[in-house]
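*Asks:* See my_file11.cif below, with mmCIF, C-alpha atoms.
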data_model
loop_
_atom_site.label_atom_id
_atom_site.label_comp_id
_atom_site.auth_asym_id
_atom_site.auth_seq_id
_atom_site.Cartn_x
_atom_site.Cartn_y
_atom_site.Cartn_z
CA MET A 1 -40.09 -51.72 54.38
CA THR A 2 -40.85 -53.69 51.26
CA ARG A 3 -43.10 -56.69 51.14
CA SER A 4 -41.76 -60.12 50.30
CA GLY A 5 -42.43 -60.80 46.67
CA ALA A 6 -42.43 -57.14 45.61
CA VAL A 7 -40.71 -56.42 42.32
CA PRO A 8 -38.59 -53.53 41.12
CA GLY A 9 -40.35 -50.58 39.60
CA ARG A 10 -42.65 -50.13 42.56
CA GLY A 11 -43.07 -46.47 41.76
CA SER A 12 -44.47 -47.06 38.28
CA ILE A 13 -48.06 -48.08 37.47
CA LEU A 14 -46.86 -51.26 35.75
CA GLY A 15 -44.68 -52.06 38.71
CA TYR A 16 -47.53 -51.55 41.13
CA LEU A 17 -49.84 -53.78 39.10
CA THR A 18 -47.40 -56.66 39.57
CA THR A 19 -47.27 -56.38 43.38
CA PHE A 20 -49.17 -58.40 45.95
CA ASP A 21 -50.95 -55.16 46.89
CA ALA A 22 -52.53 -54.96 43.44
CA LEU A 23 -53.30 -58.67 43.40
CA TYR A 24 -55.05 -58.44 46.76
CA ALA A 25 -56.92 -55.29 45.76
CA ALA A 26 -58.05 -56.93 42.52
CA GLY A 27 -59.33 -59.95 44.42
CA ARG A 28 -61.28 -57.74 46.80
CA ALA A 29 -62.65 -55.71 43.89
CA VAL A 30 -63.89 -58.87 42.19
CA ILE A 31 -65.61 -59.98 45.40
CA ALA A 32 -67.22 -56.56 45.84
CA LEU A 33 -68.44 -56.57 42.23
CA LEU A 34 -69.92 -60.05 42.56
CA CYS A 35 -71.65 -59.02 45.79
CA VAL A 36 -73.17 -55.97 44.11
CA VAL A 37 -74.33 -58.05 41.13
CA ALA A 38 -75.88 -60.69 43.41
CA ALA A 39 -77.59 -57.96 45.47
CA ALA A 40 -79.00 -56.37 42.31
CA LEU A 41 -80.34 -59.73 41.15
CA ALA A 42 -81.92 -60.28 44.57
CA LEU A 43 -83.69 -56.92 44.35
CA LEU A 44 -84.79 -57.57 40.76
CA SER A 45 -86.26 -60.90 41.84
CA LEU A 46 -88.76 -58.96 43.94
CA LEU A 47 -90.29 -57.59 40.74
CA ARG A 48 -91.20 -61.06 39.49
CA PRO A 49 -94.68 -62.32 40.38
CA VAL A 50 -94.38 -65.23 42.79
CA ALA A 51 -97.83 -66.78 42.70
CA PRO A 52 -101.50 -65.87 42.94
CA ALA A 53 -102.52 -64.13 46.15
CA GLY A 54 -103.30 -67.32 48.01
CA LEU A 55 -99.70 -68.54 47.79
CA ALA A 56 -97.75 -65.28 47.67
CA THR A 57 -94.66 -65.23 49.91
CA ARG A 58 -92.96 -62.41 51.80
CA PRO A 59 -89.78 -60.99 50.25
CA VAL A 60 -87.77 -61.35 53.48
CA LEU A 61 -84.99 -63.54 52.14
CA PRO A 62 -84.24 -61.51 48.99
CA LEU A 63 -84.23 -58.23 50.93
CA ALA A 64 -82.06 -59.59 53.73
CA GLY A 65 -79.71 -61.23 51.24
CA ALA A 66 -79.36 -58.04 49.21
CA LEU A 67 -78.58 -56.02 52.35
CA LEU A 68 -75.95 -58.48 53.54
CA LEU A 69 -74.34 -58.61 50.11
CA LEU A 70 -74.13 -54.83 49.89
CA VAL A 71 -72.57 -54.69 53.36
CA ALA A 72 -70.10 -57.37 52.31
CA ALA A 73 -69.25 -55.39 49.17
CA GLY A 74 -68.54 -52.28 51.25
CA LEU A 75 -66.38 -54.20 53.71
CA SER A 76 -64.45 -55.80 50.88
CA VAL A 77 -63.71 -52.40 49.29
CA ARG A 78 -62.64 -51.01 52.68
CA ASP A 79 -60.33 -53.99 53.29
CA ALA A 80 -58.77 -53.61 49.86
CA TRP A 81 -58.12 -49.90 50.47
CA GLU A 82 -56.54 -50.47 53.86
CA ASN A 83 -54.28 -53.34 52.81
CA ALA A 84 -53.27 -52.12 49.36
CA VAL A 85 -53.13 -48.35 49.91
CA ILE A 86 -53.03 -47.25 53.54
CA HIS A 87 -50.76 -50.08 54.65
CA ALA A 88 -49.02 -50.54 51.32
CA GLY A 89 -45.64 -50.92 52.97
CA ASP A 90 -46.74 -53.74 55.26
CA PRO A 91 -46.86 -57.38 54.24
CA ILE A 92 -50.38 -58.69 53.76
CA PRO A 93 -51.02 -61.28 56.50
CA GLN A 94 -51.60 -64.83 55.47
CA ALA A 95 -54.96 -64.72 57.26
CA SER A 96 -56.07 -61.94 54.91
CA TRP A 97 -55.39 -64.18 51.92
CA ALA A 98 -57.36 -66.95 53.59
CA TRP A 99 -60.28 -64.58 54.20
CA LEU A 100 -60.03 -63.43 50.60
CA ALA A 101 -60.63 -66.98 49.40
CA PHE A 102 -63.37 -67.54 51.98
CA ASP A 103 -65.16 -64.27 51.16
CA LEU A 104 -65.32 -65.28 47.52
CA LEU A 105 -67.86 -67.89 48.59
CA LEU A 106 -70.27 -65.25 49.86
CA PRO A 107 -71.51 -63.90 46.50
CA LEU A 108 -71.47 -67.43 45.10
CA LEU A 109 -73.70 -68.59 47.95
CA GLY A 110 -75.92 -65.57 47.33
CA LEU A 111 -76.33 -66.55 43.68
CA LEU A 112 -77.11 -70.14 44.68
CA LEU A 113 -79.73 -68.83 47.13
CA LEU A 114 -81.31 -66.74 44.38
CA ARG A 115 -81.47 -69.80 42.15
CA ALA A 116 -83.11 -71.79 44.94
CA LEU A 117 -85.64 -69.00 45.52
CA ALA A 118 -86.41 -68.84 41.79
CA GLU A 119 -87.02 -72.59 41.74
CA ARG A 120 -89.24 -72.26 44.82
CA ASP A 121 -91.25 -69.48 43.18
CA ALA A 122 -91.68 -71.57 40.03
CA ALA A 123 -92.91 -74.48 42.15
CA LEU A 124 -95.36 -72.18 43.95
CA ARG A 125 -96.70 -70.88 40.65
CA ASP A 126 -97.12 -74.42 39.39
CA LEU A 127 -98.91 -75.49 42.59
CA ALA A 128 -101.18 -72.46 42.41
CA ARG A 129 -102.02 -73.23 38.80
CA GLN A 130 -102.73 -76.88 39.56
CA ALA A 131 -104.97 -75.91 42.47
CA VAL A 132 -107.37 -74.01 40.20
CA THR A 133 -106.97 -75.86 36.89
CA ASP A 134 -108.55 -79.03 35.58
CA PRO A 135 -105.60 -81.14 34.38
CA LEU A 136 -107.52 -82.84 31.56
CA THR A 137 -109.04 -79.86 29.79
CA GLY A 138 -106.94 -76.95 31.03
CA LEU A 139 -110.10 -75.11 32.11
CA ARG A 140 -110.58 -73.80 35.63
CA ASN A 141 -111.79 -76.44 38.04
CA ARG A 142 -114.66 -75.82 40.46
CA ARG A 143 -112.44 -74.02 42.96
CA GLY A 144 -110.79 -71.86 40.33
CA PHE A 145 -114.06 -71.03 38.60
CA LEU A 146 -115.87 -70.02 41.78
CA ALA A 147 -113.01 -67.80 42.93
CA GLU A 148 -112.58 -66.03 39.61
CA ALA A 149 -116.32 -65.79 38.98
CA GLU A 150 -116.85 -63.87 42.23
CA VAL A 151 -114.23 -61.33 41.16
CA ALA A 152 -115.81 -60.96 37.72
CA LEU A 153 -119.29 -60.56 39.23
CA ALA A 154 -118.03 -57.83 41.56
CA ARG A 155 -116.73 -55.96 38.51
CA CYS A 156 -120.09 -56.35 36.80
CA ALA A 157 -121.87 -55.02 39.89
CA ARG A 158 -119.65 -51.93 40.00
CA ALA A 159 -120.25 -51.30 36.29
CA GLY A 160 -123.99 -51.94 36.53
CA GLN A 161 -123.79 -54.82 34.06
CA ALA A 162 -125.92 -57.95 33.90
CA ALA A 163 -124.36 -61.42 33.95
CA ALA A 164 -125.44 -65.01 33.42
CA VAL A 165 -124.22 -68.51 34.11
CA VAL A 166 -124.59 -71.44 31.76
CA MET A 167 -124.44 -75.08 32.83
CA VAL A 168 -123.38 -77.52 30.09
CA ASP A 169 -123.68 -81.30 30.31
CA LEU A 170 -122.74 -83.73 27.55
CA ASP A 171 -125.58 -86.03 26.54
CA ARG A 172 -125.18 -89.79 27.08
CA PHE A 173 -121.51 -89.38 27.88
CA LYS A 174 -121.44 -92.55 29.98
CA SER A 175 -122.17 -94.63 26.90
CA ILE A 176 -119.06 -93.19 25.23
CA ASN A 177 -116.87 -94.33 28.13
CA ASP A 178 -118.60 -97.71 28.32
CA ARG A 179 -118.45 -98.50 24.60
CA HIS A 180 -115.22 -96.83 23.53
CA GLY A 181 -113.17 -96.59 26.71
CA HIS A 182 -112.06 -93.75 28.96
CA PRO A 183 -109.31 -92.50 26.59
CA ALA A 184 -112.02 -91.85 23.98
CA GLY A 185 -114.12 -90.12 26.62
CA ASP A 186 -111.18 -87.97 27.65
CA ALA A 187 -110.67 -86.95 24.03
CA VAL A 188 -114.32 -85.87 23.83
CA LEU A 189 -113.95 -83.81 27.02
CA ARG A 190 -110.83 -82.07 25.72
CA ALA A 191 -112.49 -81.33 22.39
CA THR A 192 -115.55 -79.99 24.20
CA ALA A 193 -113.39 -77.63 26.25
CA THR A 194 -111.67 -76.43 23.07
CA SER A 195 -115.00 -75.84 21.34
CA LEU A 196 -116.41 -73.89 24.29
CA ARG A 197 -113.31 -71.70 24.57
CA ALA A 198 -113.38 -70.94 20.86
CA GLY A 199 -116.98 -69.73 21.03
CA LEU A 200 -116.60 -67.39 24.02
CA ARG A 201 -115.57 -63.75 24.28
CA ALA A 202 -112.30 -62.72 25.86
CA GLY A 203 -113.96 -61.77 29.16
CA ASP A 204 -116.10 -64.91 29.46
CA LEU A 205 -115.10 -67.54 32.01
CA PRO A 206 -115.33 -71.29 31.23
CA GLY A 207 -114.79 -74.05 33.77
CA ARG A 208 -115.23 -77.76 34.31
CA LEU A 209 -117.14 -78.72 37.43
CA GLY A 210 -116.39 -82.42 37.08
CA GLY A 211 -117.19 -85.41 34.93
CA GLU A 212 -118.93 -84.26 31.75
CA GLU A 213 -120.32 -81.09 33.33
CA PHE A 214 -119.02 -77.65 32.33
CA VAL A 215 -119.96 -74.15 33.46
CA LEU A 216 -119.70 -70.72 31.85
CA LEU A 217 -119.88 -67.24 33.31
CA LEU A 218 -120.92 -64.58 30.81
CA PRO A 219 -120.29 -61.07 32.17
CA ASP A 220 -122.12 -58.14 30.58
CA ALA A 221 -124.80 -60.46 29.14
CA ASP A 222 -128.48 -60.48 29.99
CA LEU A 223 -130.56 -63.65 29.91
CA ALA A 224 -131.48 -63.34 26.22
CA ALA A 225 -127.87 -62.72 25.15
CA ALA A 226 -126.66 -65.61 27.29
CA ALA A 227 -129.28 -67.93 25.81
CA ALA A 228 -128.23 -66.93 22.29
CA THR A 229 -124.60 -67.65 23.18
CA ALA A 230 -125.57 -71.02 24.62
CA GLU A 231 -127.45 -71.95 21.44
CA ARG A 232 -124.48 -70.95 19.31
CA LEU A 233 -122.16 -73.06 21.49
CA ARG A 234 -124.59 -75.99 21.34
CA ALA A 235 -124.61 -75.97 17.55
CA ALA A 236 -120.85 -75.51 17.31
CA LEU A 237 -120.15 -78.33 19.76
CA THR A 238 -121.99 -80.84 17.59
CA GLN A 239 -119.84 -79.81 14.63
CA ASP A 240 -116.51 -79.44 16.47
CA VAL A 241 -116.41 -82.52 18.70
CA PRO A 242 -116.02 -85.83 16.86
CA HIS A 243 -117.83 -88.86 18.21
CA PRO A 244 -115.57 -91.90 18.72
CA GLY A 245 -118.23 -94.07 17.10
CA ALA A 246 -121.37 -93.48 15.08
CA GLY A 247 -123.53 -90.50 15.88
CA ALA A 248 -122.80 -87.00 17.13
CA VAL A 249 -121.72 -85.51 20.44
CA THR A 250 -124.44 -83.26 21.82
CA ALA A 251 -124.95 -81.30 25.04
CA SER A 252 -127.78 -79.82 27.05
CA PHE A 253 -127.61 -76.25 28.38
CA GLY A 254 -129.22 -74.47 31.33
CA VAL A 255 -129.03 -70.67 31.58
CA ALA A 256 -129.69 -68.45 34.60
CA PRO A 257 -129.07 -64.81 35.51
CA VAL A 258 -126.54 -64.16 38.26
CA GLU A 259 -125.64 -61.31 40.56
CA ALA A 260 -122.69 -60.68 42.85
CA GLY A 261 -123.05 -62.69 46.06
CA ALA A 262 -125.61 -65.06 44.56
CA LEU A 263 -123.41 -67.30 42.46
CA GLU A 264 -124.32 -70.56 44.18
CA ALA A 265 -128.04 -69.81 43.85
CA ALA A 266 -127.61 -69.00 40.17
CA LEU A 267 -125.69 -72.22 39.59
CA ALA A 268 -128.48 -74.17 41.26
CA ALA A 269 -131.06 -72.44 39.06
CA ALA A 270 -129.02 -73.12 35.91
CA ASP A 271 -128.65 -76.74 37.00
CA GLN A 272 -132.42 -77.09 37.35
CA ALA A 273 -132.84 -75.63 33.85
CA LEU A 274 -130.26 -78.11 32.61
CA TYR A 275 -132.25 -80.94 34.19
CA ARG A 276 -135.38 -79.81 32.35
CA ALA A 277 -133.40 -79.72 29.11
CA LYS A 278 -132.37 -83.33 29.72
CA GLN A 279 -135.93 -84.32 30.51
CA GLY A 280 -137.21 -82.47 27.46
CA GLY A 281 -135.14 -84.48 24.98
CA ARG A 282 -131.48 -83.29 25.35
CA ASP A 283 -129.45 -81.24 22.86
CA ARG A 284 -131.28 -78.07 23.79
CA VAL A 285 -131.06 -74.79 25.71
CA GLU A 286 -133.46 -73.95 28.52
CA LEU A 287 -133.78 -70.90 30.76
CA ALA A 288 -134.04 -70.93 34.52
CA GLY A 289 -137.64 -70.30 35.59
CA GLY A 290 -138.90 -70.19 32.02
CA PRO A 291 -139.71 -72.24 28.96
CA VAL A 292 -137.24 -73.70 26.54
CA LEU A 293 -135.77 -70.87 24.46
CA LEU A 294 -133.98 -72.73 21.71
CA GLU A 295 -133.47 -76.35 20.95
CA GLY A 296 -131.80 -78.61 18.45
CA ALA A 297 -132.64 -82.09 17.35
CA ALA A 298 -133.30 -84.43 20.24
CA ALA A 299 -130.39 -86.78 20.88
#
For the file at hand, write its structure as structure tokens.
*Replies:*
Amino acid sequence: MTRSGAVPGRGSILGYLTTFDALYAAGRAVIALLCVVAAALALLSLLRPVAPAGLATRPVLPLAGALLLLVAAGLSVRDAWENAVIHAGDPIPQASWAWLAFDLLLPLLGLLLLRALAERDAALRDLARQAVTDPLTGLRNRRGFLAEAEVALARCARAGQAAAVVMVDLDRFKSINDRHGHPAGDAVLRATATSLRAGLRAGDLPGRLGGEEFVLLLPDADLAAAAATAERLRAALTQDVPHPGAGAVTASFGVAPVEAGALEAALAAADQALYRAKQGGRDRVELAGGPVLLEGAAA
């Protein structure tokens, strides 16, 4: 029994390729291929980093989607084989054609889901970055600095290395905002962040605690090395950061040693040293629990 719409030459390859059997099989093959491609993309998406650990998500949807798409691909191949080969002499039911069109939506929906998941992951990465980054300077904010500093200090402890923290506070910054406006003050803060970054090593960690106050973690640096770094940064800052009016932008520095598990105590000690630097005339470096090590011209 021949199917309605079959053409002469059924026995030849060219004749078979012009039958509804071949058309149906080709449609099912396309669906199976799209399902396999979508499943592969879903599995590859698992290799992309989603977000830092605090916002990482479980790969349930990509795995489940890939499994369903592979099952759909297998069922589509099986249906094509049955209708176009095993039952080649029987007319293909109209419902099969309807399911063919409907099943084409499955890989398309899978690809749309992957796109939605990619956009979600990008949003999570952006949220994670914003949660630990100061939007004005691009440095780590207090939360980001504290979290990353603890990790760095744990590495130093395992390696038996010393470490130090440096508190940095711009001198008379309020007068810049008052006399020249907040946009000028923001420009000074951004330039300060740039100057600090440029003077640090690759493993050093800068951050902005708020206002005009910055903080630095210097792994593998004892107190003397950290004080020398602070003095170098102090001198560079005066040269690198333009003042919106007359004068120069200066900063006071407080330096303290730090160990793993004692970061808050070290920050408090560095802050006290910074206070003494302010009281001693500004534009200077002072050590926690000790005398002024280095100083520039009083500002």
*Asks:* Show me, as a VMD selection string, the residues that have an atom within 9 Å of Gly261 (chain A) when counting only C-alpha atoms, minus same-chain residues fewer than 5 positions from it.
*Replies:* chain A and resid 150 153 to 154
*Asks:* Based on the selection just made, write C-alpha atoms of those residues as a short mmCIF file (atom, residue, chain, number, x, y, z; two decimals), in the coordinates of the input.
*Replies:*
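Final file, again.cif:
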data_model
loop_
_atom_site.label_atom_id
_atom_site.label_comp_id
_atom_site.auth_asym_id
_atom_site.auth_seq_id
_atom_site.Cartn_x
_atom_site.Cartn_y
_atom_site.Cartn_z
CA GLU A 150 -116.85 -63.87 42.23
CA LEU A 153 -119.29 -60.56 39.23
CA ALA A 154 -118.03 -57.83 41.56
#
*Asks:* I'd like to see the residues matched by the PyMOL selection byres ((chain A and resi 196-198) around 9) on this file, and ideally I'd get them as a PDB file with C-alpha atoms, in the coordinates of the input.
*Replies:*
ATOM      1  CA  LEU A 139    -110.100 -75.110  32.110  1.00  0.00           C
ATOM      2  CA  ALA A 191    -112.490 -81.330  22.390  1.00  0.00           C
ATOM      3  CA  THR A 192    -115.550 -79.990  24.200  1.00  0.00           C
ATOM      4  CA  ALA A 193    -113.390 -77.630  26.250  1.00  0.00           C
ATOM      5  CA  THR A 194    -111.670 -76.430  23.070  1.00  0.00           C
ATOM      6  CA  SER A 195    -115.000 -75.840  21.340  1.00  0.00           C
ATOM      7  CA  GLY A 199    -116.980 -69.730  21.030  1.00  0.00           C
ATOM      8  CA  LEU A 200    -116.600 -67.390  24.020  1.00  0.00           C
ATOM      9  CA  ARG A 201    -115.570 -63.750  24.280  1.00  0.00           C
ATOM     10  CA  ASP A 204    -116.100 -64.910  29.460  1.00  0.00           C
ATOM     11  CA  LEU A 205    -115.100 -67.540  32.010  1.00  0.00           C
ATOM     12  CA  PRO A 206    -115.330 -71.290  31.230  1.00  0.00           C
ATOM     13  CA  LEU A 216    -119.700 -70.720  31.850  1.00  0.00           C
ATOM     14  CA  LEU A 233    -122.160 -73.060  21.490  1.00  0.00           C
ATOM     15  CA  ARG A 234    -124.590 -75.990  21.340  1.00  0.00           C
ATOM     16  CA  ALA A 236    -120.850 -75.510  17.310  1.00  0.00           C
ATOM     17  CA  LEU A 237    -120.150 -78.330  19.760  1.00  0.00           C
TER      18      LEU A 237
END
*Asks:* Which residues are close to Phe253 (chain A), i.e. within 8 Å by only C-alpha atoms, leaving aside same-chain residues fewer than 3 positions away? Reply as a list in words.
*Replies:* Val166, Met167, Val168, Asp169, Ala230, Arg234, Ala273, Leu274, Ala277, Asp283, Arg284, Val285 and Glu286 of chain A
*Asks:* By how many Å are CA of Val258 (chain A) and CA of Ala152 (chain A) apart?
*Replies:* 11.2 Å
*Asks:* With a distance cut-off of 12 Å and all atoms listed in the file, select the neighbouring residues of Gly211 (chain A), excluding the residue or stretch itself and same-chain residues fewer than 4 positions from it, and output the selection as a list in words.
*Replies:* Asp134, Leu136, Thr137, Asn141, Arg142, Val168, Asp169, Leu170, Asp171, Phe173, Lys174, Asn177, His182, Gly185, Asp186, Val188, Leu189, Arg190, Gly207 and Val215 of chain A
*Asks:* So how many Å separate CA of Trp99 (chain A) and CA of Leu70 (chain A), to one decimal?
*Replies:*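 Computing it gives 17.5 Å between the two atoms.
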